[in-house]
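These notes concern the structure reproduced below.
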6 protein chains.
Amino acid sequence: MNVLAIGAHFDDVELGCGGTLAKHKANGDRVFIYIATQSGYRAPDQSVVRDNDVARREGEQAVRILGADELICGPFKTFEVEFVEALNTEILGIVERTKTDIVYTHWIGDIHHDHQVVAKASLHSCRHVPRLLMYRSNWYHSPVDFRPSFFVDITDYWDIKEQAIRAHQSEIKRTHERWIAFFRNEAEAAGQRMGVKLAEVFEPVKWLA
Amino acid sequence: MNVLAIGAHFDDVELGCGGTLAKHKANGDRVFIYIATQSGYRAPDQSVVRDNDVARREGEQAVRILGADELICGPFKTFEVEFVEALNTEILGIVERTKTDIVYTHWIGDIHHDHQVVAKASLHSCRHVPRLLMYRSNWYHSPVDFRPSFFVDITDYWDIKEQAIRAHQSEIKRTHERWIAFFRNEAEAAGQRMGVKLAEVFEPVKWLA
Amino acid sequence: MNVLAIGAHFDDVELGCGGTLAKHKANGDRVFIYIATQSGYRAPDQSVVRDNDVARREGEQAVRILGADELICGPFKTFEVEFVEALNTEILGIVERTKTDIVYTHWIGDIHHDHQVVAKASLHSCRHVPRLLMYRSNWYHSPVDFRPSFFVDITDYWDIKEQAIRAHQSEIKRTHERWIAFFRNEAEAAGQRMGVKLAEVFEPVKWLA
Amino acid sequence: MNVLAIGAHFDDVELGCGGTLAKHKANGDRVFIYIATQSGYRAPDQSVVRDNDVARREGEQAVRILGADELICGPFKTFEVEFVEALNTEILGIVERTKTDIVYTHWIGDIHHDHQVVAKASLHSCRHVPRLLMYRSNWYHSPVDFRPSFFVDITDYWDIKEQAIRAHQSEIKRTHERWIAFFRNEAEAAGQRMGVKLAEVFEPVKWLA
Amino acid sequence: MNVLAIGAHFDDVELGCGGTLAKHKANGDRVFIYIATQSGYRAPDQSVVRDNDVARREGEQAVRILGADELICGPFKTFEVEFVEALNTEILGIVERTKTDIVYTHWIGDIHHDHQVVAKASLHSCRHVPRLLMYRSNWYHSPVDFRPSFFVDITDYWDIKEQAIRAHQSEIKRTHERWIAFFRNEAEAAGQRMGVKLAEVFEPVKWLA
Amino acid sequence: MNVLAIGAHFDDVELGCGGTLAKHKANGDRVFIYIATQSGYRAPDQSVVRDNDVARREGEQAVRILGADELICGPFKTFEVEFVEALNTEILGIVERTKTDIVYTHWIGDIHHDHQVVAKASLHSCRHVPRLLMYRSNWYHSPVDFRPSFFVDITDYWDIKEQAIRAHQSEIKRTHERWIAFFRNEAEAAGQRMGVKLAEVFEPVKWLA
C-alpha cells in the first residue's frame, strides 16, 4: 500500500497518526508525508514562537524516526494557508505521483484555521482515493462531533511515535510535554476500549476494506 | 477471523452483507449466522404472507449457498422480538462460544421494528467485540442518517449473493425481484464511488484495523 | 389527497398540525385522524388528572371543528402504549383502507414516552407511504435535534386551530392556556421566518413533491 | 413560480436537478439558471482539460434543452470562486430581479471546493427566499451527512435530463458516460423508494408548502 | 440546590458523576440518588456474577462516602427494567418530593439496555426540571455521538469519587480496577482540555444558568 | 468573571446576548465587546443601506446602555471580513489582555458570511478559554442544526436589551421593529420552556461550571 499522511504543521502527523505510520512501514507499506506550511510563527508582539528553519529540521528528524519514504514540504505560511487551488494542486500531484491508496489527514471539525483548511483541501484533492481517515492532532473543543470509530493497535509503536514527537525539541518545553501526556492518555483509553494496550483513533470518511 | 452476522429475519443477512460473508469464507474465515425470529407472519386478515417453515427452509438453503459454517435460529416471533435479556443472552452466548472477531448487524436507524430491536441487542451484547459494522437490508426512509463509510468489494461475490437471495423463492414474487434490482443498483453505485465494480456498504460503529 | 394525522393523545394533532389539517380540508383533501390512546390518566396519588370519557368527547369535538372526515380511536392506555404489532397493525390498516398519501405524526425525538412510541410505530407502519412529516406537540427538551424545514402557511387557519385546541376545555385550565400562547408564539416566529403571518412547522422524513 | 437553479460549473445543474427543472417548465414555471464559473480548467501540467468556450457553448445548449428561460453566467474562474461579496451580490441580484420563489443549489457538504463555495453563497444570498433545496452533482464521499428527504418524480423527464447532460459532448468521453450511468442508477433507486419509476432527490433547507 | 442523580445500577452514578456530587455536597446542596435496579445478575450458566444484596450494601456504602442525603432504590430487576410508567412514576415522585433543581442521568446513546431505558425515563419524567445533564458510566462504542461540552472541576473530589467506586469491592476484581484507571485517564484528559487537573464531563440536554 | 462578547456587526451582540450581558454587569462581572466590522454597507445599486459612522455611533450608544466596560472595534469591512490571522490576532489579543473567562460569539452554522467567519475565528482564537457559548442574532434557515441547551433568565434584563437594540435607530425602521418582535417571541418561548418569563438561549461549545 502507498500511504499519504497530510498535516498542516510539522508535528501534526506525528501526534495524529505517528504510531500508525510506523506500523505501516513495519508492514512493508510506503509512507509519504506532506506538510503544508512552514510551521513557524510569531507572537502578536512579533517575537518568534517557532522558527521556520528549526521547525523544518525537527520535522525532518521526526520523519526519519517514523521511517517515512519521503517528506514533501509545502511553501505556505503558517496561518496563511487557504483552501485554494495552489494547495489542492500540490496534494493532487502527490496522490497521482505516489499512487496513494490510503490518506490520513486532519479532521474537518478542527477549530484550528490551518487544520481546517488542510482537511478540506485533502477531501477535495483525494476524492478519487478509496481510503481516507481523519485524525486529531489537538483536542480543542469544537461544535462539530468527532466520530472515532476506526482504531489501530499501536502498542508496539508508541515508542517510535513518542520519539518522533520529541524530535520537536523546541516545542517540548512550550507545549509538547503536556501533549505527550495527553496523547498517551488517549492511546491508553482507546486501547482499553478495544482490548489492546495502546491505540490511535480515526474518523473514517471512506474505507475500502 | 470468526465472523458473526446477525439478522432479524431470514434474508436480512443475505441482502445486507451476503457478498461480504461469501468473501470472508473465500478468505478462510469462519462465518456464523444468527437469525432472531421465525420470519413468518400473517396479513391483518390473518392470511399467511410468509410461512415459518418455508422461511426456515429457504433460510437454510441461502446459508448453504453463502457457505456459512453454522446457522443459529432464534425462537422469537416475527414482530414480537424485543430488546430484552432473552435476546441479548442468545447473542452473547454465540459471541462467547464462537469467539467472534467481527459482527455484521442491522443498522440502528432502521424504521422496521424487528431490525431496530436486533440492532440494539447486537450493540449491547457485542460490546466487547472490537469490530461491528451495520448494514441495511431495506431502504425505507428514516429520520436517522445512515453513514456508509465502510465498503467491501464484492465484484466476485455478487453472484453468490444473488443466488442466496433467490433461495427465498417464496419471497421472490412478492418482494425480492424488486429488492434484487434495488440492491444490484446500490452495489453498482457504491462500487463506482470506490473504483470497483460492485460493493457492499456498511456504517462502522467500531473497527479495530 | 388522503391525509392521515396520527397522535398519541387527544389534542396532540390539534397542537401539532391542526392548522395544516384545516387547510387540507379547505383544499378538498380528505383527512383521517388516528389517536392511539384513551388519553386519560391519573396522578401518582391516583386522583384523576384527565378522564378518558371527557378526553374522548373533547377530542371528537375538536375533530369536528377541524372538519376531519373520520376519527379512529385506538384502545391503548395512556402511558402504556408500546411499539408493538398491535399498534402497527392498527395504523397499517388505516393506511391501506384510506389509501393514505400524506402522514403527519409525532416527532421521533420527543421525550414523551407515548409520543416516541407512536412516532416509531408510524415510521414502521407507513413505510410505503411517500410522504411523512413529523410535528411537535410539546416543546420539552430533547438531546435529539428537531430539524424543522417544512413550513405550512396557516394564517387563515389559526382560528380553527385555536378553537380545536380550546375544545379540550378540561385541559385549558391545567395546561392549554399556556400551550396556546406558546404555539401562537411559535407560529408567529415560524411565519416571520417564512414571510407569512403564521406557520406550522414540520421535520420531513420523506416527501414526494 | 419563479425558479432559480445555481451551479458552480456547466453541467452541475443538469446532473443535480435537470429533470426537476424540465418538470417546472412543463408546469408553466419560469426557470433561471446561474452558473458561477467559466467551468474550464487545466491539468497540473497545464494541458487544457476543459476549455472555457467549449464549456460555455455546451452549457448554453444544455440550458436550451432543459427549456430554461435564461442562463446567467458568472465571471469567476474555476477553482478560484470564493464565498465573497462579489459572488453574493450576483446571486442576490438575480433573486431580486426574477423574484425567485424556489432555489436549487449545491449541497453544503460537498467536498468539491467550488460546490462548497457556491452552496454557502446561495444560503447567504437567498436567505429571504422561502424555498431552498440542495442537490448533489457528484457522489464523492464527505464526512457530512446528506439527508435526501425531498423527492421529485422525473419519470417523464429523464430523457430531457439525459439529453442535457449529453450536450456536454466534450465531457462525455472523459467523465459523463459514467456519471450518466451513476445518476440513472440513483434515479431508479430513489424512484423505487418512492413508488415511482425515476426520481431526483434533494435535501431541503427550507420549504414553504 | 436540590440535586437528583439517577443510575440504572449501583456504581453508575459513582462512575459517571461521583466527583460532581461530592462537590455539590461541599457547596451546601442536597443530593438524592435513585438507583433503578437491584443491580445483581447471573451469567448465562446461571452462576451469580453480582449478588443483589452485596450490590445493595456496597451501593449504600458508596452513597455514604459521597455524602448524599438519601438513596432511593428501585425494585426493578437488572436487565429487565423498561421505559414504562412504573419507572417514570418513581422518578417523577422523587422529583416532586425533593423539588429537584438539577438532574444527572445516563446518556441516551448508551448501548447498554438498562442505561438506555433509564436515560429515556429520566428525560420523560424530568421534563419540568430546568437542568439535566447526561453522564457516561461506561465507554462502549455507540453509533450515537456523545457531545461532552459541560465540564466540572473535580480536582479536589477525585479521591472521594475513587473511594466511592472502591466501595464496590465485589466488582473491583472483576471490572473496576480497569474502570478506575480508565475514568482517571478521562478525568485527566478532560481536565487538561479545560485548564484544571481533573474534570468530569457531561452532555447537557438543558441548563438554566 | 471577565466576559468577552464578539459580534460581526453592531447589533449582533445586543440581539444575541444583550440581556445576558446586562445580567453579567449586574452580577459584578466585567464585560468587553468586540465588533469585527464597520457594519456599514451599500445596496447593489451603491446606495447606502447603513452608514459606517452612524452604525458606530449607535453601536457605542447600545454598548453604553448595556453597561459594558469597553467596546473594541475591528477595522474590517462589512462582508469582507475573513477567517484569517489578522482577525484571529485581534481576538486573541483581547482575550489575553482582558483575561477572558467566558466568550459569547456567533453560532457556527449561521448562513451569513460575516457571522460564519467571526464564529470560526472565535473558536480558533479562544481555544484556551474554558467557556464559549454561541448565540444567534438572526433566524435564517441553515442546514446545520442549532442546539440551544444553555438558557439564561433575562426576565429582569429584557428592557435593557430592548433599549440597546433600539439604540440602532437607523435600523429600526428597516429591520429591527420586526426583529425586536421576533426576539421577544423567542425569549418568551424559551422562558416558558424553562419556567421563567424570558430567557436567552445559547449552544454551548464548552463550559467549565
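How things are named: the first chain in the C-alpha cells is A, the next is B, and so on; residues count from 1 in each chain; ligands count from 1 in the order shown.
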TODO: Once DSSP has gone over the backbone, tell me which residues of stretch 31-169 of chain A are in strand (DSSP E), as a ChimeraX atom specification.
DONE: /A:31-37,41-42,48-50,70-76,102-106,132-135,150-153
- [ ] Within 10 Å of A:Gly93, counting only C-alpha atoms, which residues show up once you throw out same-chain ones fewer than 6 positions away? Write them as a PyMOL selection string, please.
- [x] (chain A and resi 87+99+125) or (chain D and resi 43-45)
I need the chosen residues saved as a PDB file, in the first residue's frame, with N, CA, C and O atoms.
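Written output follows (out-v1.pdb):
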```
ATOM      1  N   LEU A  87      -2.987  24.884  -3.124  1.00  0.00           N
ATOM      2  CA  LEU A  87      -2.832  23.793  -2.158  1.00  0.00           C
ATOM      3  C   LEU A  87      -3.389  22.485  -2.727  1.00  0.00           C
ATOM      4  O   LEU A  87      -2.768  21.428  -2.611  1.00  0.00           O
ATOM      5  N   LYS A  99       0.714   7.295  -6.288  1.00  0.00           N
ATOM      6  CA  LYS A  99      -0.385   6.334  -6.406  1.00  0.00           C
ATOM      7  C   LYS A  99      -0.945   5.963  -5.031  1.00  0.00           C
ATOM      8  O   LYS A  99      -0.964   4.808  -4.627  1.00  0.00           O
ATOM      9  N   SER A 125      -8.988  17.104  -2.834  1.00  0.00           N
ATOM     10  CA  SER A 125      -7.915  16.612  -3.701  1.00  0.00           C
ATOM     11  C   SER A 125      -7.795  15.099  -3.713  1.00  0.00           C
ATOM     12  O   SER A 125      -7.254  14.519  -4.652  1.00  0.00           O
TER      13      SER A 125
ATOM     14  N   ALA D  43      -4.990  20.815 -16.381  1.00  0.00           N
ATOM     15  CA  ALA D  43      -4.381  19.785 -15.548  1.00  0.00           C
ATOM     16  C   ALA D  43      -3.115  20.381 -14.919  1.00  0.00           C
ATOM     17  O   ALA D  43      -2.687  21.453 -15.322  1.00  0.00           O
ATOM     18  N   PRO D  44      -2.527  19.736 -13.942  1.00  0.00           N
ATOM     19  CA  PRO D  44      -1.302  20.267 -13.331  1.00  0.00           C
ATOM     20  C   PRO D  44      -0.203  20.558 -14.366  1.00  0.00           C
ATOM     21  O   PRO D  44       0.550  21.501 -14.205  1.00  0.00           O
ATOM     22  N   ASP D  45      -0.173  19.790 -15.440  1.00  0.00           N
ATOM     23  CA  ASP D  45       0.861  20.022 -16.453  1.00  0.00           C
ATOM     24  C   ASP D  45       0.444  21.105 -17.441  1.00  0.00           C
ATOM     25  O   ASP D  45       1.044  21.260 -18.494  1.00  0.00           O
TER      26      ASP D  45
END
```
Open item on the list: Using only C-alpha atoms and a distance of at most 12 Å, pull out the residues of chain F that contact chain E, as an NGL selection string.
Closed with: :F and (20 or 23-24 or 101 or 127-133 or 147-154 or 190-196 or 198-209)
Same residues, C-alpha atoms, output as an mmCIF file, in the first residue's frame:
```cif
data_model
loop_
_atom_site.group_PDB
_atom_site.id
_atom_site.type_symbol
_atom_site.label_atom_id
_atom_site.label_comp_id
_atom_site.auth_asym_id
_atom_site.auth_seq_id
_atom_site.Cartn_x
_atom_site.Cartn_y
_atom_site.Cartn_z
ATOM 1 C CA THR F 20 -27.194 38.120 29.448
ATOM 2 C CA LYS F 23 -27.074 40.431 33.793
ATOM 3 C CA HIS F 24 -23.326 39.876 33.943
ATOM 4 C CA ASP F 101 -13.237 33.705 31.317
ATOM 5 C CA ARG F 127 -9.317 27.801 22.128
ATOM 6 C CA HIS F 128 -7.758 28.288 25.559
ATOM 7 C CA VAL F 129 -10.795 29.908 27.140
ATOM 8 C CA PRO F 130 -12.796 27.288 29.096
ATOM 9 C CA ARG F 131 -16.235 28.730 28.372
ATOM 10 C CA LEU F 132 -17.683 29.515 24.962
ATOM 11 C CA LEU F 133 -21.354 29.889 24.126
ATOM 12 C CA ARG F 147 -28.662 23.055 19.603
ATOM 13 C CA PRO F 148 -29.843 25.523 22.244
ATOM 14 C CA SER F 149 -29.363 23.790 25.563
ATOM 15 C CA PHE F 150 -27.984 26.673 27.656
ATOM 16 C CA PHE F 151 -30.542 29.172 28.949
ATOM 17 C CA VAL F 152 -30.176 32.425 30.851
ATOM 18 C CA ASP F 153 -33.072 34.033 32.686
ATOM 19 C CA ILE F 154 -33.234 37.625 31.430
ATOM 20 C CA ALA F 190 -37.522 29.954 25.718
ATOM 21 C CA GLY F 191 -38.620 31.222 29.097
ATOM 22 C CA GLN F 192 -41.782 29.175 29.099
ATOM 23 C CA ARG F 193 -39.771 26.037 28.367
ATOM 24 C CA MET F 194 -37.559 26.832 31.346
ATOM 25 C CA GLY F 195 -40.136 28.001 33.804
ATOM 26 C CA VAL F 196 -39.091 31.655 33.759
ATOM 27 C CA LEU F 198 -37.972 35.498 29.430
ATOM 28 C CA ALA F 199 -34.741 33.740 28.534
ATOM 29 C CA GLU F 200 -31.878 33.957 26.071
ATOM 30 C CA VAL F 201 -30.596 30.736 24.574
ATOM 31 C CA PHE F 202 -27.145 29.520 23.577
ATOM 32 C CA GLU F 203 -25.480 26.471 22.167
ATOM 33 C CA PRO F 204 -22.533 25.643 24.447
ATOM 34 C CA VAL F 205 -19.301 24.580 22.781
ATOM 35 C CA LYS F 206 -17.544 24.214 26.138
ATOM 36 C CA TRP F 207 -18.492 25.236 29.633
ATOM 37 C CA LEU F 208 -16.481 24.854 32.786
ATOM 38 C CA ALA F 209 -19.034 25.023 35.584
#
```
- [ ] Any chance you could list, as a PyMOL selection string, the residues in stretch 11-184 of chain D that come up alpha helix (DSSP H) when DSSP is run on the backbone?
- [x] chain D and resi 12-26+52-66+85-98+113-125+158-166+169-171+177-184
TODO: Mind giving me the straight-line distance from atom CA of A:Trp139 to atom CA of A:Trp158 in Å, one decimal?
DONE: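 Atom-to-atom, atom CA of A:Trp139 to atom CA of A:Trp158, that is 18.8 Å.
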TODO: Counting only C-alpha atoms, figure out which residue out of D:Phe10, D:Phe182, D:Phe79, D:Tyr104 gets nearest to D:Val117.
DONE: D:Phe79
Open item on the list: Report as a PyMOL selection string all protein, DNA and RNA residues lying within 9 Å of F:Ile6, evaluated on only C-alpha atoms, omitting residues in the same chain fewer than 6 positions from it.
Closed with: chain F and resi 12-13+32-36+91+103-106+118-119+122
Go ahead and write the selection's residues with all heavy atoms as a CSV table (one decimal), in the first residue's frame.
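Output contents, as saved in result_30.csv:
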```csv
chain,number,residue,atom,x,y,z
F,12,ASP,N,-25.4,42.8,16.6
F,12,ASP,CA,-25.4,41.3,16.7
F,12,ASP,C,-25.4,40.9,18.2
F,12,ASP,O,-26.1,40.1,18.6
F,12,ASP,CB,-24.2,40.7,16.0
F,12,ASP,CG,-24.4,40.5,14.5
F,12,ASP,OD1,-25.5,40.2,14.1
F,12,ASP,OD2,-23.4,40.7,13.7
F,13,VAL,N,-24.5,41.5,18.9
F,13,VAL,CA,-24.4,41.2,20.3
F,13,VAL,C,-25.6,41.6,21.1
F,13,VAL,O,-26.0,40.8,22.0
F,13,VAL,CB,-23.1,41.8,20.9
F,13,VAL,CG1,-23.2,42.0,22.4
F,13,VAL,CG2,-21.9,41.0,20.5
F,32,PHE,N,-16.6,43.0,28.0
F,32,PHE,CA,-15.9,43.6,26.9
F,32,PHE,C,-16.6,43.1,25.6
F,32,PHE,O,-17.0,42.0,25.5
F,32,PHE,CB,-14.4,43.1,26.9
F,32,PHE,CG,-13.7,43.5,28.1
F,32,PHE,CD1,-13.7,42.6,29.2
F,32,PHE,CD2,-13.0,44.7,28.2
F,32,PHE,CE1,-13.0,43.0,30.4
F,32,PHE,CE2,-12.3,45.0,29.4
F,32,PHE,CZ,-12.4,44.2,30.5
F,33,ILE,N,-16.7,44.0,24.7
F,33,ILE,CA,-17.4,43.7,23.4
F,33,ILE,C,-16.5,44.0,22.3
F,33,ILE,O,-15.9,45.1,22.2
F,33,ILE,CB,-18.7,44.5,23.3
F,33,ILE,CG1,-19.7,44.1,24.4
F,33,ILE,CG2,-19.3,44.3,21.9
F,33,ILE,CD1,-21.0,44.9,24.4
F,34,TYR,N,-16.4,43.0,21.4
F,34,TYR,CA,-15.6,43.2,20.2
F,34,TYR,C,-16.5,43.1,19.0
F,34,TYR,O,-17.1,42.1,18.8
F,34,TYR,CB,-14.4,42.2,20.1
F,34,TYR,CG,-13.7,42.2,18.8
F,34,TYR,CD1,-12.8,43.3,18.5
F,34,TYR,CD2,-13.8,41.2,17.8
F,34,TYR,CE1,-12.1,43.4,17.3
F,34,TYR,CE2,-13.2,41.3,16.6
F,34,TYR,CZ,-12.3,42.4,16.4
F,34,TYR,OH,-11.6,42.5,15.2
F,35,ILE,N,-16.5,44.2,18.2
F,35,ILE,CA,-17.3,44.1,16.9
F,35,ILE,C,-16.3,44.1,15.8
F,35,ILE,O,-15.5,45.1,15.6
F,35,ILE,CB,-18.2,45.3,16.8
F,35,ILE,CG1,-19.2,45.3,18.0
F,35,ILE,CG2,-19.0,45.3,15.5
F,35,ILE,CD1,-20.1,44.1,18.2
F,36,ALA,N,-16.3,43.1,15.0
F,36,ALA,CA,-15.3,42.9,14.0
F,36,ALA,C,-15.3,43.9,12.8
F,36,ALA,O,-14.3,44.3,12.3
F,36,ALA,CB,-15.3,41.5,13.4
F,91,ILE,N,-8.7,39.1,18.1
F,91,ILE,CA,-9.5,38.4,19.2
F,91,ILE,C,-8.5,37.9,20.2
F,91,ILE,O,-8.8,38.1,21.4
F,91,ILE,CB,-10.3,37.3,18.6
F,91,ILE,CG1,-11.4,37.9,17.6
F,91,ILE,CG2,-11.1,36.6,19.7
F,91,ILE,CD1,-12.2,36.9,16.8
F,103,VAL,N,-16.7,33.5,26.8
F,103,VAL,CA,-16.9,34.1,25.4
F,103,VAL,C,-18.3,33.8,24.9
F,103,VAL,O,-18.8,32.7,25.0
F,103,VAL,CB,-15.9,33.5,24.4
F,103,VAL,CG1,-16.2,34.0,23.0
F,103,VAL,CG2,-14.5,33.8,24.9
F,104,TYR,N,-18.9,34.9,24.4
F,104,TYR,CA,-20.2,34.7,23.7
F,104,TYR,C,-19.9,35.1,22.3
F,104,TYR,O,-19.3,36.2,22.0
F,104,TYR,CB,-21.3,35.7,24.3
F,104,TYR,CG,-21.7,35.3,25.6
F,104,TYR,CD1,-21.0,35.9,26.8
F,104,TYR,CD2,-22.8,34.5,25.9
F,104,TYR,CE1,-21.4,35.5,28.0
F,104,TYR,CE2,-23.2,34.2,27.2
F,104,TYR,CZ,-22.5,34.7,28.2
F,104,TYR,OH,-22.9,34.4,29.5
F,105,THR,N,-20.3,34.3,21.3
F,105,THR,CA,-20.0,34.6,19.9
F,105,THR,C,-21.0,34.0,19.0
F,105,THR,O,-21.9,33.3,19.4
F,105,THR,CB,-18.6,34.1,19.5
F,105,THR,OG1,-18.2,34.6,18.2
F,105,THR,CG2,-18.5,32.6,19.5
F,106,HIS,N,-20.9,34.3,17.7
F,106,HIS,CA,-21.8,33.9,16.7
F,106,HIS,C,-21.9,32.3,16.7
F,106,HIS,O,-20.9,31.6,17.0
F,106,HIS,CB,-21.4,34.4,15.4
F,106,HIS,CG,-21.8,35.8,15.1
F,106,HIS,ND1,-23.1,36.2,14.9
F,106,HIS,CD2,-21.0,36.9,15.0
F,106,HIS,CE1,-23.1,37.5,14.7
F,106,HIS,NE2,-21.9,38.0,14.7
F,118,VAL,N,-16.7,35.1,11.7
F,118,VAL,CA,-16.4,35.5,13.1
F,118,VAL,C,-16.6,34.3,14.1
F,118,VAL,O,-15.8,34.2,15.0
F,118,VAL,CB,-17.3,36.7,13.5
F,118,VAL,CG1,-17.2,37.0,15.0
F,118,VAL,CG2,-16.9,38.0,12.8
F,119,ALA,N,-17.5,33.5,13.8
F,119,ALA,CA,-17.7,32.3,14.6
F,119,ALA,C,-16.4,31.4,14.6
F,119,ALA,O,-15.9,31.0,15.6
F,119,ALA,CB,-18.9,31.5,14.2
F,122,SER,N,-13.5,33.0,16.3
F,122,SER,CA,-13.7,33.0,17.8
F,122,SER,C,-13.3,31.6,18.3
F,122,SER,O,-12.6,31.5,19.3
F,122,SER,CB,-15.1,33.3,18.2
F,122,SER,OG,-15.6,34.5,17.7
```
Open item on the list: Need the shell around E:Asn27: protein/DNA/RNA residues with any atom at most 12 Å away, counting only C-alpha atoms. Skip same-chain ones fewer than 5 positions apart. Format as a PyMOL selection string?
Closed with: chain E and resi 1-3+20-22+67
Could you take the residues named above and write them with N, CA, C and O atoms, as an mmCIF file, in the first residue's frame?
```cif
data_model
loop_
_atom_site.group_PDB
_atom_site.id
_atom_site.type_symbol
_atom_site.label_atom_id
_atom_site.label_comp_id
_atom_site.auth_asym_id
_atom_site.auth_seq_id
_atom_site.Cartn_x
_atom_site.Cartn_y
_atom_site.Cartn_z
ATOM 1 N N MET E 1 -29.373 24.229 46.172
ATOM 2 C CA MET E 1 -29.909 23.425 45.072
ATOM 3 C C MET E 1 -30.227 21.997 45.520
ATOM 4 O O MET E 1 -29.527 21.431 46.348
ATOM 5 N N ASN E 2 -31.275 21.448 44.944
ATOM 6 C CA ASN E 2 -31.600 20.040 45.171
ATOM 7 C C ASN E 2 -31.185 19.254 43.942
ATOM 8 O O ASN E 2 -31.639 19.522 42.838
ATOM 9 N N VAL E 3 -30.287 18.305 44.175
ATOM 10 C CA VAL E 3 -29.716 17.531 43.073
ATOM 11 C C VAL E 3 -30.273 16.115 43.078
ATOM 12 O O VAL E 3 -30.390 15.492 44.131
ATOM 13 N N THR E 20 -18.648 15.179 40.968
ATOM 14 C CA THR E 20 -19.551 16.332 40.922
ATOM 15 C C THR E 20 -20.536 16.307 42.080
ATOM 16 O O THR E 20 -20.867 17.350 42.658
ATOM 17 N N LEU E 21 -21.017 15.127 42.435
ATOM 18 C CA LEU E 21 -21.949 15.036 43.562
ATOM 19 C C LEU E 21 -21.258 15.418 44.871
ATOM 20 O O LEU E 21 -21.836 16.131 45.708
ATOM 21 N N ALA E 22 -20.037 14.938 45.045
ATOM 22 C CA ALA E 22 -19.295 15.300 46.252
ATOM 23 C C ALA E 22 -19.103 16.818 46.302
ATOM 24 O O ALA E 22 -19.194 17.451 47.356
ATOM 25 N N GLY E 67 -21.549 11.231 50.554
ATOM 26 C CA GLY E 67 -22.201 12.185 51.448
ATOM 27 C C GLY E 67 -23.606 12.552 51.024
ATOM 28 O O GLY E 67 -24.148 13.562 51.448
#
```
TODO: Would you kindly return, as JSON, numbers by chain, each protein, DNA or RNA residue with an atom no farther than 12 Å from any atom of A:Lys120, considering only C-alpha atoms and excluding same-chain residues fewer than 5 positions away?
DONE: {"A": [6, 7, 8, 81, 82, 83, 84, 85, 87, 88, 91, 105, 106, 107, 108, 109, 110, 113, 114, 115, 125, 126, 127, 134], "D": [109, 110, 111, 112, 113, 114, 116, 117, 142, 143, 144]}
Task: Gap from atom CA of F:Ile165 to atom CA of F:Ala187 - Å, one decimal - done: 14.4 Å
